[in-house]
file data21.txt (compact mmCIF, C-alpha atoms and all ligand atoms)
# COMPACT_ATOMS: atom_id res chain seq x y z
CA MET Z 1 -20.63 -5.57 17.74
CA GLY Z 2 -17.45 -7.03 16.16
CA HIS Z 3 -14.65 -7.32 18.68
CA VAL Z 4 -16.24 -5.18 21.41
CA GLU Z 5 -18.10 -7.23 23.95
CA SER Z 6 -20.80 -4.97 25.32
CA SER Z 7 -20.59 -6.77 28.69
CA ARG Z 8 -17.03 -5.47 29.00
CA ILE Z 9 -18.15 -1.82 28.92
CA SER Z 10 -18.93 -0.38 32.35
CA GLY Z 11 -19.02 2.94 34.20
CA THR Z 12 -15.23 2.99 34.41
CA THR Z 13 -14.53 2.33 30.72
CA GLN Z 14 -12.29 4.98 29.12
CA LEU Z 15 -13.16 6.14 25.62
CA LEU Z 16 -11.03 6.43 22.52
CA GLY Z 17 -12.43 6.91 19.04
CA VAL Z 18 -12.18 8.22 15.50
CA ILE Z 19 -13.92 11.23 13.97
CA GLY Z 20 -14.59 11.46 10.24
CA TYR Z 21 -17.38 11.82 7.71
CA PRO Z 22 -18.41 9.30 6.56
CA ILE Z 23 -16.96 6.98 9.18
CA ALA Z 24 -18.86 3.69 8.72
CA HIS Z 25 -16.10 2.11 6.58
CA SER Z 26 -13.22 3.08 8.87
CA LEU Z 27 -10.95 0.11 9.64
CA SER Z 28 -9.62 1.72 12.83
CA PRO Z 29 -12.30 0.37 15.23
CA VAL Z 30 -11.59 -3.22 14.07
CA MET Z 31 -7.86 -2.88 14.64
CA HIS Z 32 -8.00 -0.92 17.91
CA ASN Z 33 -10.71 -2.93 19.61
CA ALA Z 34 -8.86 -6.16 18.80
CA ALA Z 35 -5.77 -4.67 20.45
CA ILE Z 36 -7.78 -3.45 23.46
CA ALA Z 37 -9.31 -6.93 23.94
CA GLN Z 38 -5.87 -8.52 23.74
CA LEU Z 39 -4.40 -6.11 26.31
CA GLY Z 40 -7.39 -6.55 28.61
CA VAL Z 41 -7.58 -2.81 29.36
CA ASP Z 42 -10.83 -1.07 30.36
CA VAL Z 43 -11.05 0.98 27.15
CA ALA Z 44 -13.37 1.10 24.11
CA TYR Z 45 -12.70 2.65 20.69
CA VAL Z 46 -15.77 4.13 19.01
CA PRO Z 47 -16.39 5.60 15.52
CA PHE Z 48 -17.99 9.07 15.66
CA PRO Z 49 -19.56 10.47 12.48
CA VAL Z 50 -18.92 14.23 12.57
CA ALA Z 51 -20.20 16.37 9.69
CA PRO Z 52 -17.86 19.26 8.78
CA PRO Z 53 -19.99 22.09 10.27
CA ASP Z 54 -20.15 20.19 13.58
CA LEU Z 55 -16.40 19.72 14.06
CA ALA Z 56 -15.81 22.38 16.74
CA ALA Z 57 -18.92 21.31 18.69
CA ALA Z 58 -17.88 17.67 18.44
CA VAL Z 59 -14.35 18.35 19.75
CA ALA Z 60 -15.79 20.39 22.63
CA GLY Z 61 -18.12 17.46 23.31
CA LEU Z 62 -15.23 14.97 23.33
CA THR Z 63 -13.51 17.23 25.88
CA ALA Z 64 -16.66 17.45 28.00
CA ILE Z 65 -17.34 13.71 28.12
CA GLY Z 66 -13.77 12.80 29.03
CA VAL Z 67 -12.60 11.05 25.85
CA GLN Z 68 -8.87 10.34 26.28
CA GLY Z 69 -7.78 10.46 22.66
CA PHE Z 70 -8.99 10.02 19.12
CA ASN Z 71 -8.01 9.55 15.50
CA VAL Z 72 -8.93 12.06 12.86
CA THR Z 73 -9.75 11.07 9.31
CA ILE Z 74 -11.17 12.59 6.12
CA PRO Z 75 -12.37 15.40 5.95
CA HIS Z 76 -11.07 16.76 9.28
CA LYS Z 77 -7.29 16.18 9.17
CA GLN Z 78 -6.54 19.85 8.41
CA ALA Z 79 -9.65 21.51 9.89
CA ILE Z 80 -8.91 20.06 13.36
CA MET Z 81 -5.59 21.91 13.64
CA PRO Z 82 -6.87 25.30 14.94
CA LEU Z 83 -8.92 23.45 17.59
CA LEU Z 84 -5.84 21.90 19.23
CA SER Z 85 -3.66 23.47 21.92
CA ASP Z 86 -0.41 22.15 20.42
CA ILE Z 87 0.74 20.25 17.33
CA SER Z 88 3.88 18.15 16.76
CA ASN Z 89 6.51 19.33 14.27
CA VAL Z 90 5.84 16.37 12.01
CA ALA Z 91 2.11 17.17 11.85
CA LYS Z 92 2.93 20.83 11.17
CA ALA Z 93 5.24 19.84 8.33
CA ILE Z 94 2.68 17.51 6.80
CA GLY Z 95 -0.12 19.98 7.44
CA ALA Z 96 -2.43 17.27 8.80
CA VAL Z 97 -3.24 15.64 12.14
CA ASN Z 98 -4.44 12.02 12.44
CA THR Z 99 -3.93 11.37 16.18
CA VAL Z 100 -4.98 13.49 19.16
CA TRP Z 101 -4.62 13.05 22.92
CA ARG Z 102 -5.65 14.95 26.01
CA THR Z 103 -3.11 17.01 27.98
CA GLU Z 104 -3.53 19.44 30.87
CA GLN Z 105 -3.36 22.32 28.38
CA GLY Z 106 -5.90 20.82 25.96
CA TRP Z 107 -5.73 18.51 22.94
CA TYR Z 108 -2.32 17.64 21.46
CA GLY Z 109 -2.21 16.57 17.79
CA THR Z 110 0.34 14.60 15.82
CA ASN Z 111 0.54 12.52 12.67
CA THR Z 112 1.50 8.84 12.90
CA ASP Z 113 1.40 8.22 9.11
CA VAL Z 114 5.13 8.97 8.83
CA ALA Z 115 5.97 6.36 11.48
CA GLY Z 116 3.55 3.96 9.75
CA PHE Z 117 5.11 4.56 6.34
CA LEU Z 118 8.64 4.11 7.69
CA ALA Z 119 8.04 0.93 9.72
CA PRO Z 120 8.26 -1.61 6.84
CA LEU Z 121 11.20 0.29 5.28
CA SER Z 122 13.21 0.11 8.48
CA ALA Z 123 13.25 -3.68 8.08
CA VAL Z 124 14.90 -3.34 4.63
CA PRO Z 125 18.71 -3.30 4.69
CA ALA Z 126 19.50 -0.36 2.40
CA ASP Z 127 21.81 2.64 2.23
CA TRP Z 128 19.07 5.25 1.99
CA SER Z 129 21.55 8.08 1.50
CA GLN Z 130 22.24 6.57 -1.95
CA LYS Z 131 18.57 6.24 -2.91
CA THR Z 132 16.47 8.62 -4.97
CA VAL Z 133 12.74 8.27 -4.33
CA VAL Z 134 10.03 8.74 -6.96
CA VAL Z 135 6.65 9.51 -5.34
CA LEU Z 136 3.60 9.07 -7.58
CA GLY Z 137 0.89 11.59 -6.57
CA ASN Z 138 0.92 14.82 -4.58
CA GLY Z 139 -1.99 14.48 -2.15
CA GLY Z 140 -2.19 13.91 1.61
CA ALA Z 141 -0.35 10.58 1.77
CA ALA Z 142 2.45 11.97 -0.45
CA ARG Z 143 3.15 14.55 2.27
CA ALA Z 144 3.78 11.80 4.87
CA VAL Z 145 6.01 10.01 2.33
CA VAL Z 146 8.10 13.14 1.67
CA ALA Z 147 8.60 13.70 5.42
CA GLY Z 148 9.41 10.00 5.93
CA CYS Z 149 11.94 9.82 3.09
CA THR Z 150 13.67 12.97 4.34
CA GLN Z 151 13.83 11.41 7.82
CA LEU Z 152 15.43 8.31 6.24
CA GLY Z 153 18.10 10.56 4.73
CA CYS Z 154 17.28 9.73 1.09
CA ALA Z 155 19.42 11.45 -1.54
CA ALA Z 156 16.45 13.10 -3.31
CA VAL Z 157 12.66 12.95 -3.34
CA GLN Z 158 10.98 13.51 -6.72
CA VAL Z 159 7.21 14.00 -6.53
CA VAL Z 160 5.26 13.28 -9.72
CA GLY Z 161 1.80 14.76 -10.38
CA ARG Z 162 -0.59 15.61 -13.19
CA ASP Z 163 -1.44 19.21 -12.33
CA THR Z 164 1.25 21.89 -12.60
CA ALA Z 165 -0.48 24.31 -10.22
CA LYS Z 166 -0.96 21.64 -7.53
CA LEU Z 167 2.66 20.48 -7.94
CA GLN Z 168 3.90 24.04 -7.57
CA ALA Z 169 1.77 24.57 -4.44
CA PHE Z 170 3.05 21.24 -3.04
CA TRP Z 171 6.67 22.32 -3.58
CA GLN Z 172 6.04 25.79 -2.17
CA SER Z 173 4.42 24.42 0.99
CA TRP Z 174 7.67 22.64 1.95
CA GLN Z 175 10.01 25.57 1.42
CA GLN Z 176 10.17 26.60 5.09
CA SER Z 177 10.33 23.01 6.34
CA PRO Z 178 13.40 21.04 7.43
CA LEU Z 179 11.46 17.88 6.56
CA ALA Z 180 11.82 18.14 2.77
CA VAL Z 181 15.41 18.99 2.01
CA HIS Z 182 15.98 17.52 -1.45
CA LEU Z 183 12.49 17.81 -2.94
CA SER Z 184 11.65 18.39 -6.60
CA VAL Z 185 8.33 18.16 -8.47
CA HIS Z 186 7.69 16.72 -11.94
CA LEU Z 187 4.91 15.94 -14.40
CA TRP Z 188 4.10 12.32 -15.33
CA ASP Z 189 5.77 12.93 -18.73
CA ASP Z 190 9.12 13.12 -16.89
CA LEU Z 191 8.89 9.49 -15.68
CA PRO Z 192 11.13 8.03 -18.46
CA LYS Z 193 13.90 10.31 -17.15
CA LEU Z 194 13.24 9.65 -13.45
CA LEU Z 195 12.58 5.89 -13.26
CA PRO Z 196 16.03 4.59 -14.38
CA ASN Z 197 17.59 6.31 -11.33
CA ALA Z 198 14.91 5.40 -8.78
CA GLY Z 199 15.93 3.40 -5.71
CA LEU Z 200 12.41 3.51 -4.27
CA VAL Z 201 9.07 4.18 -6.01
CA VAL Z 202 6.04 4.94 -3.84
CA ASN Z 203 2.50 4.98 -5.22
CA THR Z 204 0.38 7.45 -3.26
CA THR Z 205 -2.39 7.68 -5.89
CA PRO Z 206 -5.54 5.54 -5.61
CA ILE Z 207 -4.85 4.03 -9.07
CA GLY Z 208 -5.21 0.23 -8.75
CA MET Z 209 -7.35 0.32 -5.60
CA HIS Z 210 -10.25 -2.13 -5.42
CA PRO Z 211 -12.52 -2.34 -7.47
CA HIS Z 212 -10.08 -1.08 -10.13
CA ASP Z 213 -7.73 -4.00 -9.49
CA GLN Z 214 -6.45 -4.18 -13.09
CA GLU Z 215 -5.26 -0.57 -13.17
CA SER Z 216 -1.72 0.52 -12.42
CA PRO Z 217 -0.09 3.95 -12.16
CA LEU Z 218 2.83 2.67 -14.27
CA THR Z 219 2.82 0.87 -17.64
CA SER Z 220 4.86 -2.31 -18.07
CA ALA Z 221 7.27 -0.33 -20.27
CA GLN Z 222 7.76 2.19 -17.44
CA ILE Z 223 8.34 -0.60 -14.91
CA ASP Z 224 11.01 -2.02 -17.22
CA LEU Z 225 12.93 1.25 -16.82
CA LEU Z 226 13.38 0.62 -13.10
CA PRO Z 227 16.66 -0.88 -11.86
CA SER Z 228 16.32 -4.45 -10.60
CA SER Z 229 17.41 -3.17 -7.17
CA ALA Z 230 14.54 -0.65 -6.94
CA ILE Z 231 12.00 -1.14 -4.16
CA VAL Z 232 8.35 -0.60 -5.14
CA TYR Z 233 5.99 0.46 -2.32
CA ASP Z 234 2.25 0.80 -2.95
CA LEU Z 235 0.29 2.50 -0.13
CA ILE Z 236 -2.89 0.74 -1.30
CA TYR Z 237 -3.94 -2.23 0.89
CA THR Z 238 -6.83 -3.64 -1.18
CA PRO Z 239 -6.15 -5.68 -3.28
CA ARG Z 240 -2.99 -7.35 -2.00
CA PRO Z 241 -0.93 -7.37 -4.13
CA THR Z 242 -1.93 -4.53 -6.45
CA ARG Z 243 -1.33 -4.72 -10.19
CA LEU Z 244 1.66 -2.37 -9.72
CA LEU Z 245 3.30 -4.75 -7.24
CA GLN Z 246 2.65 -7.75 -9.51
CA GLN Z 247 4.29 -5.89 -12.40
CA ALA Z 248 7.26 -4.88 -10.25
CA ALA Z 249 8.14 -8.44 -9.16
CA PRO Z 250 10.76 -9.89 -8.76
CA ARG Z 251 11.89 -6.53 -7.35
CA LEU Z 252 11.31 -6.05 -3.61
CA THR Z 253 7.72 -4.89 -3.08
CA LEU Z 254 5.78 -3.54 -0.07
CA ASP Z 255 2.02 -2.95 0.22
CA GLY Z 256 0.06 -0.49 2.36
CA LEU Z 257 -1.24 -2.87 5.03
CA GLU Z 258 1.76 -2.52 7.30
CA MET Z 259 1.58 1.29 7.13
CA LEU Z 260 -2.06 1.12 8.18
CA VAL Z 261 -1.26 -1.24 11.07
CA GLN Z 262 1.77 0.71 12.23
CA GLN Z 263 0.15 4.17 12.16
CA GLY Z 264 -2.58 2.67 14.36
CA ALA Z 265 -0.05 0.99 16.66
CA ALA Z 266 1.83 4.29 17.09
CA ALA Z 267 -1.42 6.03 18.08
CA LEU Z 268 -2.49 3.30 20.52
CA GLN Z 269 0.94 3.36 22.16
CA GLN Z 270 0.54 7.10 22.83
CA TRP Z 271 -2.91 6.67 24.33
CA LEU Z 272 -2.26 3.60 26.50
CA HIS Z 273 1.42 4.21 27.39
CA GLN Z 274 2.27 0.61 26.59
CA PRO Z 275 3.43 -1.33 23.51
CA ALA Z 276 0.65 -2.09 21.03
CA PRO Z 277 0.02 -5.76 20.08
CA VAL Z 278 0.91 -5.22 16.43
CA ASP Z 279 0.40 -8.87 15.43
CA VAL Z 280 -3.15 -8.87 16.81
CA MET Z 281 -3.94 -5.59 15.03
CA ARG Z 282 -2.58 -6.91 11.72
CA ALA Z 283 -4.50 -10.20 12.05
CA ALA Z 284 -7.77 -8.36 12.85
CA LEU Z 285 -7.37 -6.17 9.78
CA LEU Z 286 -6.51 -9.10 7.50
CA HIS Z 287 -9.51 -11.02 8.79
CA HIS Z 288 -11.82 -8.05 8.25
CA LEU Z 289 -10.42 -7.28 4.79
CA SER Z 290 -10.74 -10.90 3.64
CA HIS Z 291 -14.44 -10.84 4.61
CA LEU Z 292 -14.94 -7.54 2.80
CA GLN Z 293 -13.29 -8.97 -0.30
CA GLU Z 294 -15.56 -12.04 -0.17
CA SER Z 295 -18.69 -9.92 0.22
CA VAL Z 296 -17.95 -7.87 -2.92
CA GLU Z 297 -16.96 -10.85 -5.09
P1 LIG M 301 -5.48 12.33 -1.91
O1 LIG M 301 -5.08 13.38 -0.94
O2 LIG M 301 -6.79 12.43 -2.61
O3 LIG M 301 -4.32 12.26 -3.02
C1 LIG M 301 -4.40 11.42 -4.15
C2 LIG M 301 -3.34 11.84 -5.18
O4 LIG M 301 -3.45 10.93 -6.28
C3 LIG M 301 -3.53 13.26 -5.73
O5 LIG M 301 -2.28 13.86 -5.91
C4 LIG M 301 -4.20 13.00 -7.07
O6 LIG M 301 -3.86 13.93 -8.07
C5 LIG M 301 -3.58 11.67 -7.48
N1 LIG M 301 -4.44 10.96 -8.41
C6 LIG M 301 -5.69 10.47 -8.16
N2 LIG M 301 -6.17 9.86 -9.27
C7 LIG M 301 -5.21 9.99 -10.23
C8 LIG M 301 -5.13 9.59 -11.59
N3 LIG M 301 -6.11 8.89 -12.20
N4 LIG M 301 -4.00 9.89 -12.28
C9 LIG M 301 -3.00 10.59 -11.69
N5 LIG M 301 -3.03 11.00 -10.40
C10 LIG M 301 -4.11 10.70 -9.68
O7 LIG M 301 -5.48 10.89 -1.24
P2 LIG M 301 -4.50 10.34 -0.08
O8 LIG M 301 -5.15 10.52 1.23
O9 LIG M 301 -3.17 10.90 -0.33
O10 LIG M 301 -4.54 8.76 -0.38
C11 LIG M 301 -4.01 8.26 -1.57
C12 LIG M 301 -3.92 6.73 -1.54
O11 LIG M 301 -3.07 6.31 -0.50
C13 LIG M 301 -5.26 6.02 -1.31
O12 LIG M 301 -5.29 4.89 -2.14
C14 LIG M 301 -5.21 5.60 0.13
O13 LIG M 301 -5.93 4.41 0.37
C15 LIG M 301 -3.72 5.35 0.32
N6 LIG M 301 -3.31 5.56 1.72
C16 LIG M 301 -2.90 4.48 2.44
C17 LIG M 301 -2.51 4.63 3.73
C18 LIG M 301 -2.05 3.43 4.51
O14 LIG M 301 -2.00 3.50 5.74
N7 LIG M 301 -1.66 2.38 3.86
C19 LIG M 301 -2.53 5.90 4.34
C20 LIG M 301 -2.96 7.01 3.58
C21 LIG M 301 -3.35 6.81 2.25
P3 LIG M 301 -4.48 15.44 -8.10
O15 LIG M 301 -3.89 16.12 -6.91
O16 LIG M 301 -4.00 15.99 -9.39
O17 LIG M 301 -5.96 15.26 -8.02
call {"tool": "encode", "arguments": {"input": "data21.txt", "output": "structure tokens", "more": "lines below"}}
Ligand code: NAP
result
Amino acid sequence: MGHVESSRISGTTQLLGVIGYPIAHSLSPVMHNAAIAQLGVDVAYVPFPVAPPDLAAAVAGLTAIGVQGFNVTIPHKQAIMPLLSDISNVAKAIGAVNTVWRTEQGWYGTNTDVAGFLAPLSAVPADWSQKTVVVLGNGGAARAVVAGCTQLGCAAVQVVGRDTAKLQAFWQSWQQSPLAVHLSVHLWDDLPKLLPNAGLVVNTTPIGMHPHDQESPLTSAQIDLLPSSAIVYDLIYTPRPTRLLQQAAPRLTLDGLEMLVQQGAAALQQWLHQPAPVDVMRAALLHHLSHLQESVE
């Protein structure tokens, strides 16, 4: 049972959880139950596999059985939205919800990926208003990155993708939003023009994720175009470091582990109304990931 001691669960235990499909590989139970054990609160965090046609019934069931809050992962991050009574502005802008809690009116949804993405950047001393950001990829995580970089006050955010129609739709979807002020979209062929002016590069594609450890979204020649002061941030957390981050050294590099930890910490803080033990959550994830790595090698 991992970190949950079954003897700890009683008639008074409050439930938190995560819905997704599949859900067996979710890292959230590891991180949250470690935090719950550390805090000594009477709470358990449970993974719930919910197939897409069952989403509305599952949410009604979570209401009925008194679940206090839950995370939402693939494929429900958009589909959950009409089932909630209210949604935060940041989740509306991103178009996805990953954290839900109970209110008197019904379920309230937000998205903690922006806070997670920003947490490691806030420790970097930088004048963000002078920095242009190049975002590789235009999927779900790229949306949190665009909102985060706008919140930081970055000079411009340039999103790079491989599909003109998807890029156009991405750009269009932000046009009514205050959370993407200086956004432009580009094809990968534009990178030689974009990289020499980049202050921050963020990889939001899965290129380089385990087991494709030797792949990188950028060639060595493209990396060489980056200023030495550029920060390179890869949202991938397995392997650590990715090929991209190895190539980018000695520039400042950040991997995706801290984003994962901090989006979880932000959710737990909402649910429990107390600070999350971030160090315990990070250690639990590292421990779990190192075992996963060993079991596939
Ligand atoms: P997603 O919605 O599927 O988006 C992936 C994006 O990558 C899409 O724009 C896709 O392009 C692009 N892409 C995929 N393969 C590509 C290739 N071979 N060449 C060029 N572009 C490619 O996925 P996501 O949810 O945004 O997640 C993306 C990555 O971020 C994953 O590795 C995930 O683990 C990581 N992530 C990390 C955290 C964290 O907490 N650290 C949080 C969220 C995501 P098309 O649109 O053209 O298909």
call {"tool": "residues_near_ligand", "arguments": {"input": "data21.txt", "ligand": "ligand LIG 301 (chain M)", "cutoff": "9 Å", "atoms": "only C-alpha atoms and all ligand atoms", "output": "JSON, numbers by chain"}}
result
{"Z": [74, 113, 116, 117, 136, 137, 138, 139, 140, 141, 142, 143, 144, 160, 161, 162, 163, 164, 166, 167, 188, 203, 204, 205, 206, 207, 208, 209, 217, 234, 235, 236, 237, 238, 255, 256, 257, 258, 259, 260, 261, 262, 263, 264]}
call {"tool": "atom_distance", "arguments": {"input": "data21.txt", "atom1": "atom CA of Cys149 of chain Z", "atom2": "atom CA of Val18 of chain Z"}}
result
27.2 Å
call {"tool": "atom_distance", "arguments": {"input": "data21.txt", "atom1": "atom CA of Leu225 of chain Z", "atom2": "atom CA of Val145 of chain Z"}}
result
22.2 Å
call {"tool": "residues_around", "arguments": {"input": "data21.txt", "residues": "Pro178 of chain Z", "least_positions_apart": "2", "cutoff": "12 Å", "atoms": "all atoms listed in the file", "output": "number ranges by chain"}}
result
Z: 89-90, 92-94, 146-148, 150-151, 153, 173-176, 180-183
call {"tool": "write_last_selection", "arguments": {"input": "data21.txt", "atoms": "C-alpha atoms", "output": "CSV table (one decimal), in the frame of the given file"}}
result
chain,number,residue,atom,x,y,z
Z,89,ASN,CA,6.5,19.3,14.3
Z,90,VAL,CA,5.8,16.4,12.0
Z,92,LYS,CA,2.9,20.8,11.2
Z,93,ALA,CA,5.2,19.8,8.3
Z,94,ILE,CA,2.7,17.5,6.8
Z,146,VAL,CA,8.1,13.1,1.7
Z,147,ALA,CA,8.6,13.7,5.4
Z,148,GLY,CA,9.4,10.0,5.9
Z,150,THR,CA,13.7,13.0,4.3
Z,151,GLN,CA,13.8,11.4,7.8
Z,153,GLY,CA,18.1,10.6,4.7
Z,173,SER,CA,4.4,24.4,1.0
Z,174,TRP,CA,7.7,22.6,2.0
Z,175,GLN,CA,10.0,25.6,1.4
Z,176,GLN,CA,10.2,26.6,5.1
Z,180,ALA,CA,11.8,18.1,2.8
Z,181,VAL,CA,15.4,19.0,2.0
Z,182,HIS,CA,16.0,17.5,-1.4
Z,183,LEU,CA,12.5,17.8,-2.9
call {"tool": "closest_residue", "arguments": {"input": "data21.txt", "among": "Z:Leu268, Z:Leu289, Z:Leu226, Z:Ala221", "to": "Asn33 of chain Z", "atoms": "only C-alpha atoms"}}
result
Z:Leu268
call {"tool": "closest_residue", "arguments": {"input": "data21.txt", "among": "Z:Asp127, Z:Ala155, Z:Ala266, Z:Gln246", "to": "Ser229 of chain Z", "atoms": "all atoms listed in the file"}}
result
Z:Asp127
call {"tool": "closest_residue", "arguments": {"input": "data21.txt", "among": "Z:Gln270, Z:Leu285, Z:Gln222, Z:Val50", "to": "Gly69 of chain Z", "atoms": "all atoms listed in the file"}}
result
Z:Gln270
call {"tool": "atom_distance", "arguments": {"input": "data21.txt", "atom1": "atom CA of Ala284 of chain Z", "atom2": "atom CA of Arg8 of chain Z"}}
result
18.8 Å
call {"tool": "closest_atom_pairs", "arguments": {"input": "data21.txt", "of": "segment 19-38 of chain Z", "to": "segment 75-80 of chain Z", "cutoff": "10 Å", "atoms": "all atoms listed in the file", "output": "Markdown table"}}
result
| residue | atom | partner | partner_atom | distance |
| --- | --- | --- | --- | --- |
| Z:Ile19 | CA | Z:His76 | CA | 7.8 |
| Z:Gly20 | CA | Z:Pro75 | CA | 6.2 |
| Z:Tyr21 | CA | Z:Pro75 | CA | 6.4 |
| Z:Pro22 | CA | Z:Pro75 | CA | 8.6 |
call {"tool": "closest_residue", "arguments": {"input": "data21.txt", "among": "Z:Ile231, Z:Ala198, Z:Leu83, Z:Ala267", "to": "Ser28 of chain Z", "atoms": "all atoms listed in the file"}}
result
Z:Ala267
call {"tool": "residues_around", "arguments": {"input": "data21.txt", "residues": "segment 272-275 of chain Z", "least_positions_apart": "6", "cutoff": "10 Å", "atoms": "all atoms listed in the file", "output": "list in words"}}
result
Ile36, Leu39, Val41, Val43, Gln68, Gly69, Ala265 and Ala266 of chain Z
call {"tool": "closest_residue", "arguments": {"input": "data21.txt", "among": "Z:Gly17, Z:Pro29, Z:Pro250, Z:Pro52", "to": "Asp224 of chain Z", "atoms": "only C-alpha atoms"}}
result
Z:Pro250
call {"tool": "axis_aligned_box", "arguments": {"input": "data21.txt", "around": "segment 69-80 of chain Z", "padding_each_side": "5 Å", "output": "AutoDock Vina command-line options"}}
result
--center_x -9.5 --center_y 15.5 --center_z 14.3 --size_x 15.8 --size_y 22.0 --size_z 26.7
call {"tool": "closest_residue", "arguments": {"input": "data21.txt", "among": "Z:Gln168, Z:Gln130, Z:Asn71, Z:Gln214", "to": "His186 of chain Z", "atoms": "only C-alpha atoms"}}
result
Z:Gln168
